[in-house]
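Single-structure report; data block below.
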Amino acid sequence: MAINSDTDITLALIQLGKSEKNSVRLSQSIPPHEIIEWHSDNPDSQPTDDELNAAYIAWKNANEYKEKRVKEYPDFASQLDDIFHNRIDGWKSTIKAIKDKYPKS
């Protein structure tokens with residue numbers, strides 16, 4: 001199998017816990033990227049394409065709520081205006097409604 005076109009290998013390696021202790025070089029081509037060098041002195045074995053694809057999907061599913069929240073949060077100027085006019089409690093209610101709509105998984 002091959003790397004999916006939307007798979008972010010760096011995030012997949014983070015999800016697998018293989019990002020900080022292993023040295024790797026990725027292709028610089030148009031996505032999908034691929035691992036072109038997995039150093040022989042790495043403590044972990046190189047993950048397969050299937051493992052990378054599955055890890056990225058798991059990372060994406062676990063973090064999807066963050067992206068949805070960001071899209072709905074008002075811009076910073078609007079948030080500051082909300083605090084000025086409605087105090088912190090008013091601002092908190094605006095933000096809490098979005099957090100409640102997209103809870104952590």
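Ligands are numbered from 1 in the order shown, residues from 1 within each chain, and chains are lettered A, B, ... in the order they appear in the structure tokens.
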Within 9 Å of region 9-16 of chain A using only C-alpha atoms, minus same-chain residues under 4 positions, as a ChimeraX atom specification: /A:3,20,26,32-35,47,51-60
Write out as a PDB file with N, CA and C atoms, in the first residue's frame each polymer residue whose atoms come within 12 Å of Asp82 (chain A), counting only C-alpha atoms; drop sequence neighbours fewer than 5 positions from it.
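Written out: out.pdb:
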ATOM      1  N   PRO A  74     -14.620  33.521  17.374  1.00  0.00           N
ATOM      2  CA  PRO A  74     -14.509  34.864  16.781  1.00  0.00           C
ATOM      3  C   PRO A  74     -13.030  35.277  16.702  1.00  0.00           C
ATOM      4  N   ASP A  75     -12.720  36.193  15.795  1.00  0.00           N
ATOM      5  CA  ASP A  75     -11.339  36.677  15.707  1.00  0.00           C
ATOM      6  C   ASP A  75     -10.994  37.412  17.012  1.00  0.00           C
ATOM      7  N   PHE A  76      -9.703  37.634  17.237  1.00  0.00           N
ATOM      8  CA  PHE A  76      -9.256  38.211  18.504  1.00  0.00           C
ATOM      9  C   PHE A  76      -9.852  39.593  18.771  1.00  0.00           C
ATOM     10  N   ALA A  77      -9.954  40.412  17.755  1.00  0.00           N
ATOM     11  CA  ALA A  77     -10.519  41.754  17.953  1.00  0.00           C
ATOM     12  C   ALA A  77     -11.964  41.652  18.444  1.00  0.00           C
ATOM     13  N   ARG A  87     -17.943  41.893  29.598  1.00  0.00           N
ATOM     14  CA  ARG A  87     -17.052  41.421  30.652  1.00  0.00           C
ATOM     15  C   ARG A  87     -16.615  39.973  30.387  1.00  0.00           C
ATOM     16  N   ILE A  88     -15.790  39.488  31.258  1.00  0.00           N
ATOM     17  CA  ILE A  88     -15.231  38.148  31.083  1.00  0.00           C
ATOM     18  C   ILE A  88     -16.327  37.085  31.061  1.00  0.00           C
ATOM     19  N   ASP A  89     -17.334  37.233  31.901  1.00  0.00           N
ATOM     20  CA  ASP A  89     -18.386  36.212  31.952  1.00  0.00           C
ATOM     21  C   ASP A  89     -19.142  36.106  30.628  1.00  0.00           C
ATOM     22  N   GLY A  90     -19.382  37.222  29.960  1.00  0.00           N
ATOM     23  CA  GLY A  90     -20.036  37.191  28.654  1.00  0.00           C
ATOM     24  C   GLY A  90     -19.168  36.511  27.615  1.00  0.00           C
ATOM     25  N   TRP A  91     -17.880  36.843  27.641  1.00  0.00           N
ATOM     26  CA  TRP A  91     -16.935  36.212  26.716  1.00  0.00           C
ATOM     27  C   TRP A  91     -16.856  34.711  26.974  1.00  0.00           C
ATOM     28  N   LYS A  92     -16.791  34.330  28.259  1.00  0.00           N
ATOM     29  CA  LYS A  92     -16.722  32.905  28.605  1.00  0.00           C
ATOM     30  C   LYS A  92     -17.924  32.152  28.051  1.00  0.00           C
ATOM     31  N   SER A  93     -19.121  32.758  28.131  1.00  0.00           N
ATOM     32  CA  SER A  93     -20.305  32.055  27.611  1.00  0.00           C
ATOM     33  C   SER A  93     -20.205  31.842  26.110  1.00  0.00           C
ATOM     34  N   THR A  94     -19.693  32.825  25.382  1.00  0.00           N
ATOM     35  CA  THR A  94     -19.524  32.678  23.931  1.00  0.00           C
ATOM     36  C   THR A  94     -18.577  31.523  23.622  1.00  0.00           C
ATOM     37  N   ILE A  95     -17.436  31.504  24.299  1.00  0.00           N
ATOM     38  CA  ILE A  95     -16.433  30.479  24.059  1.00  0.00           C
ATOM     39  C   ILE A  95     -16.919  29.112  24.535  1.00  0.00           C
TER      40      ILE A  95
END
Which residues are close to Arg69 (chain A), i.e. within 9 Å by only C-alpha atoms, leaving aside same-chain residues fewer than 6 positions away? Reply as a PDB file with C-alpha atoms, in the first residue's frame.
ATOM      1  CA  ILE A  98     -18.356  26.551  21.020  1.00  0.00           C
ATOM      2  CA  LYS A  99     -16.403  24.229  23.310  1.00  0.00           C
ATOM      3  CA  LYS A 101     -20.598  22.115  20.594  1.00  0.00           C
ATOM      4  CA  TYR A 102     -17.252  20.452  19.803  1.00  0.00           C
TER       5      TYR A 102
END
Residue among A:Ser27, A:Ser105, A:Asn4, A:Asp44 lying closest to Asn61 (chain A), counting only C-alpha atoms: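 Checking each candidate against Asn61 (chain A), we get A:Ser105 as the closest.
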Any chance you could list, as a list in words, the residues in chain A that come up strand (DSSP E or B) when DSSP is run on the backbone? Val24, Arg25, Leu26, Ile35, Ile36, Glu37 and Trp38 of chain A
Write out as a PyMOL selection string all residues of chain A that DSSP puts in helix (DSSP H, G or I) for this structure's backbone. chain A and resi 9-16+49-72+76-101
Just the residues within 12 Å of Pro43 (chain A), please, counting only C-alpha atoms, with nothing from its chain fewer than 6 positions along; format it as a PDB file with N, CA and C atoms, in the first residue's frame.
ATOM      1  N   GLY A  17       4.478   7.845  18.410  1.00  0.00           N
ATOM      2  CA  GLY A  17       5.521   8.014  19.417  1.00  0.00           C
ATOM      3  C   GLY A  17       6.918   7.794  18.862  1.00  0.00           C
ATOM      4  N   LYS A  18       7.074   8.013  17.565  1.00  0.00           N
ATOM      5  CA  LYS A  18       8.371   7.768  16.911  1.00  0.00           C
ATOM      6  C   LYS A  18       9.001   9.050  16.378  1.00  0.00           C
ATOM      7  N   SER A  19       8.527  10.192  16.799  1.00  0.00           N
ATOM      8  CA  SER A  19       9.003  11.425  16.185  1.00  0.00           C
ATOM      9  C   SER A  19      10.271  11.981  16.809  1.00  0.00           C
ATOM     10  N   GLU A  20      10.415  11.872  18.117  1.00  0.00           N
ATOM     11  CA  GLU A  20      11.522  12.558  18.770  1.00  0.00           C
ATOM     12  C   GLU A  20      12.788  11.730  18.888  1.00  0.00           C
ATOM     13  N   LYS A  21      12.642  10.426  18.920  1.00  0.00           N
ATOM     14  CA  LYS A  21      13.818   9.589  19.142  1.00  0.00           C
ATOM     15  C   LYS A  21      14.389   8.974  17.866  1.00  0.00           C
ATOM     16  N   ASN A  22      13.764   9.288  16.739  1.00  0.00           N
ATOM     17  CA  ASN A  22      14.217   8.716  15.469  1.00  0.00           C
ATOM     18  C   ASN A  22      14.570   9.824  14.486  1.00  0.00           C
ATOM     19  N   SER A  23      15.559   9.571  13.674  1.00  0.00           N
ATOM     20  CA  SER A  23      15.971  10.526  12.662  1.00  0.00           C
ATOM     21  C   SER A  23      15.461  10.032  11.306  1.00  0.00           C
ATOM     22  N   VAL A  24      14.767  10.928  10.606  1.00  0.00           N
ATOM     23  CA  VAL A  24      14.123  10.539   9.358  1.00  0.00           C
ATOM     24  C   VAL A  24      14.216  11.695   8.364  1.00  0.00           C
TER      25      VAL A  24
END
